[in-house]
Amino acid sequence: MIVCVAVVGLQNNPLYLQSFTEADDALKLHYIVHCSLDVIDERVNNPKKTGSTMNETFLGLLYPTENYKVYGYITNTKVKFVLVTTDLDVKDADVRSFFRRFHSAYVDAVSNPFHVTGKKINSVFFAERVRDIVKSFGTNTTV
């Protein structure tokens, strides 16, 4: 189950953070997302050490915690996406599919002529699309 998704800007500023838990874990999830930025920076800046290629946008599992698994994705414009899930047996193919759909929703949101680049995403339409993508996570849906 997905508990949090986040979009982080170029200066590691949060552009969008949404939690999907009943509990009041927003601060803890914000901290987990913030901690994942160091791992993303390390993977992006040291591709030989991590074995990833420069063309790869999916960063894979960033790190597991006791209760969560944290996955990362970076766009061509260096905007970072973070996914926090409680599902300890999630498939990489499902996570890749999630990030492709999430990236598509993000592109649609920032393509709005009234959106200011680098500012928080306040689109209700984007929030609804994210909620739908999260609901369909793990099912065999196509892009």
# chains A, B, ... in the order shown; residues from 1 in each chain; ligands from 1
call {"tool": "residues_around", "arguments": {"residues": "Gly138 in chain A", "least_positions_apart": "4", "cutoff": "12 Å", "atoms": "only C-alpha atoms", "output": "MDAnalysis selection string"}}
result
chainID A and resid 1:2 85 87 89:98 133:134 142
call {"tool": "write_last_selection", "arguments": {"atoms": "N, CA and C atoms", "output": "CSV table (one decimal), in the first residue's frame"}}
result
chain,number,residue,atom,x,y,z
A,1,MET,N,0.8,-1.2,0.0
A,1,MET,CA,0.0,0.0,0.0
A,1,MET,C,0.9,1.2,0.0
A,2,ILE,N,0.6,2.2,-0.8
A,2,ILE,CA,1.3,3.4,-0.9
A,2,ILE,C,0.8,4.3,0.2
A,85,THR,N,6.1,3.2,0.4
A,85,THR,CA,5.1,2.1,0.5
A,85,THR,C,5.3,1.2,1.7
A,87,ASP,N,4.2,-1.9,1.4
A,87,ASP,CA,4.2,-3.3,0.8
A,87,ASP,C,5.6,-3.7,0.7
A,89,ASP,N,6.7,-6.5,-0.5
A,89,ASP,CA,6.8,-7.5,-1.6
A,89,ASP,C,6.3,-6.9,-2.9
A,90,VAL,N,6.7,-5.6,-3.2
A,90,VAL,CA,6.3,-4.9,-4.4
A,90,VAL,C,7.3,-5.2,-5.5
A,91,LYS,N,6.7,-5.3,-6.7
A,91,LYS,CA,7.6,-5.6,-7.9
A,91,LYS,C,8.1,-4.3,-8.5
A,92,ASP,N,9.3,-4.4,-9.0
A,92,ASP,CA,9.9,-3.2,-9.7
A,92,ASP,C,9.0,-2.8,-10.9
A,93,ALA,N,8.4,-3.7,-11.6
A,93,ALA,CA,7.6,-3.4,-12.8
A,93,ALA,C,6.4,-2.5,-12.4
A,94,ASP,N,5.8,-2.9,-11.2
A,94,ASP,CA,4.7,-2.1,-10.7
A,94,ASP,C,5.1,-0.7,-10.3
A,95,VAL,N,6.3,-0.6,-9.7
A,95,VAL,CA,6.8,0.8,-9.3
A,95,VAL,C,7.1,1.6,-10.5
A,96,ARG,N,7.7,1.0,-11.5
A,96,ARG,CA,8.0,1.7,-12.8
A,96,ARG,C,6.8,2.2,-13.5
A,97,SER,N,5.7,1.3,-13.5
A,97,SER,CA,4.5,1.7,-14.1
A,97,SER,C,3.8,2.9,-13.3
A,98,PHE,N,3.9,2.8,-12.0
A,98,PHE,CA,3.4,3.9,-11.2
A,98,PHE,C,4.1,5.2,-11.5
A,133,ILE,N,-4.2,7.1,-9.4
A,133,ILE,CA,-3.0,6.3,-9.7
A,133,ILE,C,-2.6,5.5,-8.5
A,134,VAL,N,-2.7,6.1,-7.3
A,134,VAL,CA,-2.4,5.3,-6.1
A,134,VAL,C,-3.4,4.2,-5.9
A,142,THR,N,-2.4,-0.5,-17.8
A,142,THR,CA,-1.5,0.0,-18.7
A,142,THR,C,-1.5,1.5,-18.7
call {"tool": "select_by_dssp", "arguments": {"residues": "chain A", "states": "strand (DSSP E)", "output": "MDAnalysis selection string"}}
result
chainID A and resid 2:8 14:19 58:64 69:74 80:85
call {"tool": "write_last_selection", "arguments": {"atoms": "N, CA, C and O atoms", "output": "compact mmCIF listing (two decimals), in the first residue's frame"}}
result
# COMPACT_ATOMS: atom_id res chain seq x y z
N ILE A 2 0.55 2.19 -0.85
CA ILE A 2 1.29 3.44 -0.91
C ILE A 2 0.85 4.33 0.25
O ILE A 2 -0.34 4.53 0.47
N VAL A 3 1.82 4.85 0.99
CA VAL A 3 1.48 5.73 2.10
C VAL A 3 1.83 7.18 1.81
O VAL A 3 1.29 8.08 2.44
N CYS A 4 2.71 7.42 0.82
CA CYS A 4 3.10 8.79 0.52
C CYS A 4 3.72 8.89 -0.85
O CYS A 4 4.43 7.98 -1.28
N VAL A 5 3.43 10.00 -1.54
CA VAL A 5 4.11 10.34 -2.79
C VAL A 5 4.56 11.79 -2.67
O VAL A 5 3.91 12.60 -2.00
N ALA A 6 5.67 12.10 -3.32
CA ALA A 6 6.20 13.45 -3.24
C ALA A 6 6.86 13.85 -4.54
O ALA A 6 7.41 13.01 -5.25
N VAL A 7 6.80 15.15 -4.83
CA VAL A 7 7.52 15.76 -5.93
C VAL A 7 8.46 16.78 -5.29
O VAL A 7 8.01 17.62 -4.51
N VAL A 8 9.74 16.69 -5.63
CA VAL A 8 10.75 17.57 -5.03
C VAL A 8 11.47 18.31 -6.15
O VAL A 8 11.91 17.70 -7.12
N PRO A 14 10.12 20.95 -1.52
CA PRO A 14 8.93 20.12 -1.78
C PRO A 14 7.92 20.87 -2.64
O PRO A 14 7.51 21.98 -2.30
N LEU A 15 7.55 20.26 -3.76
CA LEU A 15 6.55 20.86 -4.64
C LEU A 15 5.18 20.23 -4.41
O LEU A 15 4.16 20.87 -4.64
N TYR A 16 5.18 18.98 -3.98
CA TYR A 16 3.92 18.29 -3.72
C TYR A 16 4.23 17.13 -2.78
O TYR A 16 5.18 16.38 -3.00
N LEU A 17 3.46 16.99 -1.72
CA LEU A 17 3.61 15.87 -0.81
C LEU A 17 2.23 15.47 -0.34
O LEU A 17 1.49 16.31 0.19
N GLN A 18 1.87 14.22 -0.59
CA GLN A 18 0.55 13.74 -0.20
C GLN A 18 0.70 12.41 0.51
O GLN A 18 1.35 11.50 0.02
N SER A 19 0.11 12.31 1.71
CA SER A 19 0.12 11.04 2.43
C SER A 19 -1.26 10.41 2.30
O SER A 19 -2.27 11.10 2.16
N PHE A 58 14.45 5.82 -13.55
CA PHE A 58 13.98 5.05 -12.39
C PHE A 58 15.18 4.69 -11.53
O PHE A 58 16.11 4.03 -11.99
N LEU A 59 15.17 5.14 -10.30
CA LEU A 59 16.32 4.92 -9.41
C LEU A 59 16.17 3.66 -8.57
O LEU A 59 17.10 3.27 -7.88
N GLY A 60 14.99 3.07 -8.60
CA GLY A 60 14.77 1.83 -7.86
C GLY A 60 14.58 2.07 -6.37
O GLY A 60 14.23 3.17 -5.93
N LEU A 61 14.82 1.02 -5.61
CA LEU A 61 14.69 1.10 -4.16
C LEU A 61 15.80 1.96 -3.61
O LEU A 61 16.98 1.67 -3.79
N LEU A 62 15.43 3.05 -2.96
CA LEU A 62 16.42 3.95 -2.38
C LEU A 62 16.92 3.39 -1.06
O LEU A 62 18.11 3.29 -0.82
N TYR A 63 15.99 3.04 -0.19
CA TYR A 63 16.35 2.39 1.06
C TYR A 63 15.11 1.84 1.73
O TYR A 63 14.02 2.41 1.61
N PRO A 64 15.25 0.74 2.44
CA PRO A 64 14.13 0.23 3.24
C PRO A 64 14.28 0.71 4.68
O PRO A 64 15.39 0.90 5.17
N LYS A 69 9.25 0.99 2.44
CA LYS A 69 10.24 0.93 1.36
C LYS A 69 10.10 2.24 0.60
O LYS A 69 8.99 2.69 0.31
N VAL A 70 11.24 2.84 0.25
CA VAL A 70 11.25 4.14 -0.40
C VAL A 70 11.87 3.97 -1.78
O VAL A 70 12.99 3.47 -1.91
N TYR A 71 11.13 4.41 -2.81
CA TYR A 71 11.58 4.32 -4.19
C TYR A 71 11.76 5.71 -4.77
O TYR A 71 11.09 6.66 -4.34
N GLY A 72 12.63 5.83 -5.76
CA GLY A 72 12.91 7.13 -6.34
C GLY A 72 12.88 7.13 -7.86
O GLY A 72 13.06 6.09 -8.50
N TYR A 73 12.68 8.31 -8.39
CA TYR A 73 12.60 8.54 -9.84
C TYR A 73 13.05 9.98 -10.06
O TYR A 73 12.73 10.85 -9.26
N ILE A 74 13.80 10.21 -11.13
CA ILE A 74 14.23 11.57 -11.43
C ILE A 74 13.90 11.88 -12.88
O ILE A 74 14.11 11.05 -13.76
N LYS A 80 12.56 15.40 -8.72
CA LYS A 80 12.59 14.08 -8.11
C LYS A 80 11.20 13.67 -7.65
O LYS A 80 10.46 14.48 -7.11
N PHE A 81 10.89 12.39 -7.87
CA PHE A 81 9.66 11.80 -7.37
C PHE A 81 10.04 10.74 -6.34
O PHE A 81 10.99 9.98 -6.55
N VAL A 82 9.31 10.71 -5.24
CA VAL A 82 9.57 9.74 -4.19
C VAL A 82 8.27 9.01 -3.87
O VAL A 82 7.21 9.63 -3.75
N LEU A 83 8.36 7.71 -3.72
CA LEU A 83 7.23 6.85 -3.39
C LEU A 83 7.57 6.10 -2.12
O LEU A 83 8.63 5.47 -2.03
N VAL A 84 6.69 6.17 -1.12
CA VAL A 84 6.88 5.45 0.13
C VAL A 84 5.74 4.43 0.22
O VAL A 84 4.57 4.79 0.12
N THR A 85 6.10 3.17 0.41
CA THR A 85 5.10 2.12 0.47
C THR A 85 5.33 1.21 1.67
O THR A 85 6.47 1.07 2.14
call {"tool": "closest_residue", "arguments": {"among": "A:Ser36, A:Asp24, A:Asn112, A:Asn46", "to": "Asn12 in chain A", "atoms": "only C-alpha atoms"}}
result
A:Ser36
call {"tool": "closest_residue", "arguments": {"among": "A:Arg129, A:Arg101, A:Thr117, A:Val124", "to": "Thr77 in chain A", "atoms": "only C-alpha atoms"}}
result
A:Thr117
call {"tool": "select_by_dssp", "arguments": {"residues": "range 41-136 of chain A", "states": "helix (DSSP H, G or I)", "output": "number ranges by chain"}}
result
A: 41-45, 47-50, 92-110, 124-135
call {"tool": "atom_distance", "arguments": {"atom1": "CA of Leu10 in chain A", "atom2": "CA of His34 in chain A"}}
result
13.2 Å
call {"tool": "residues_around", "arguments": {"residues": "Ser111 in chain A", "least_positions_apart": "5", "cutoff": "12 Å", "atoms": "only C-alpha atoms", "output": "MDAnalysis selection string"}}
result
chainID A and resid 104:106 116:117 121 123 126
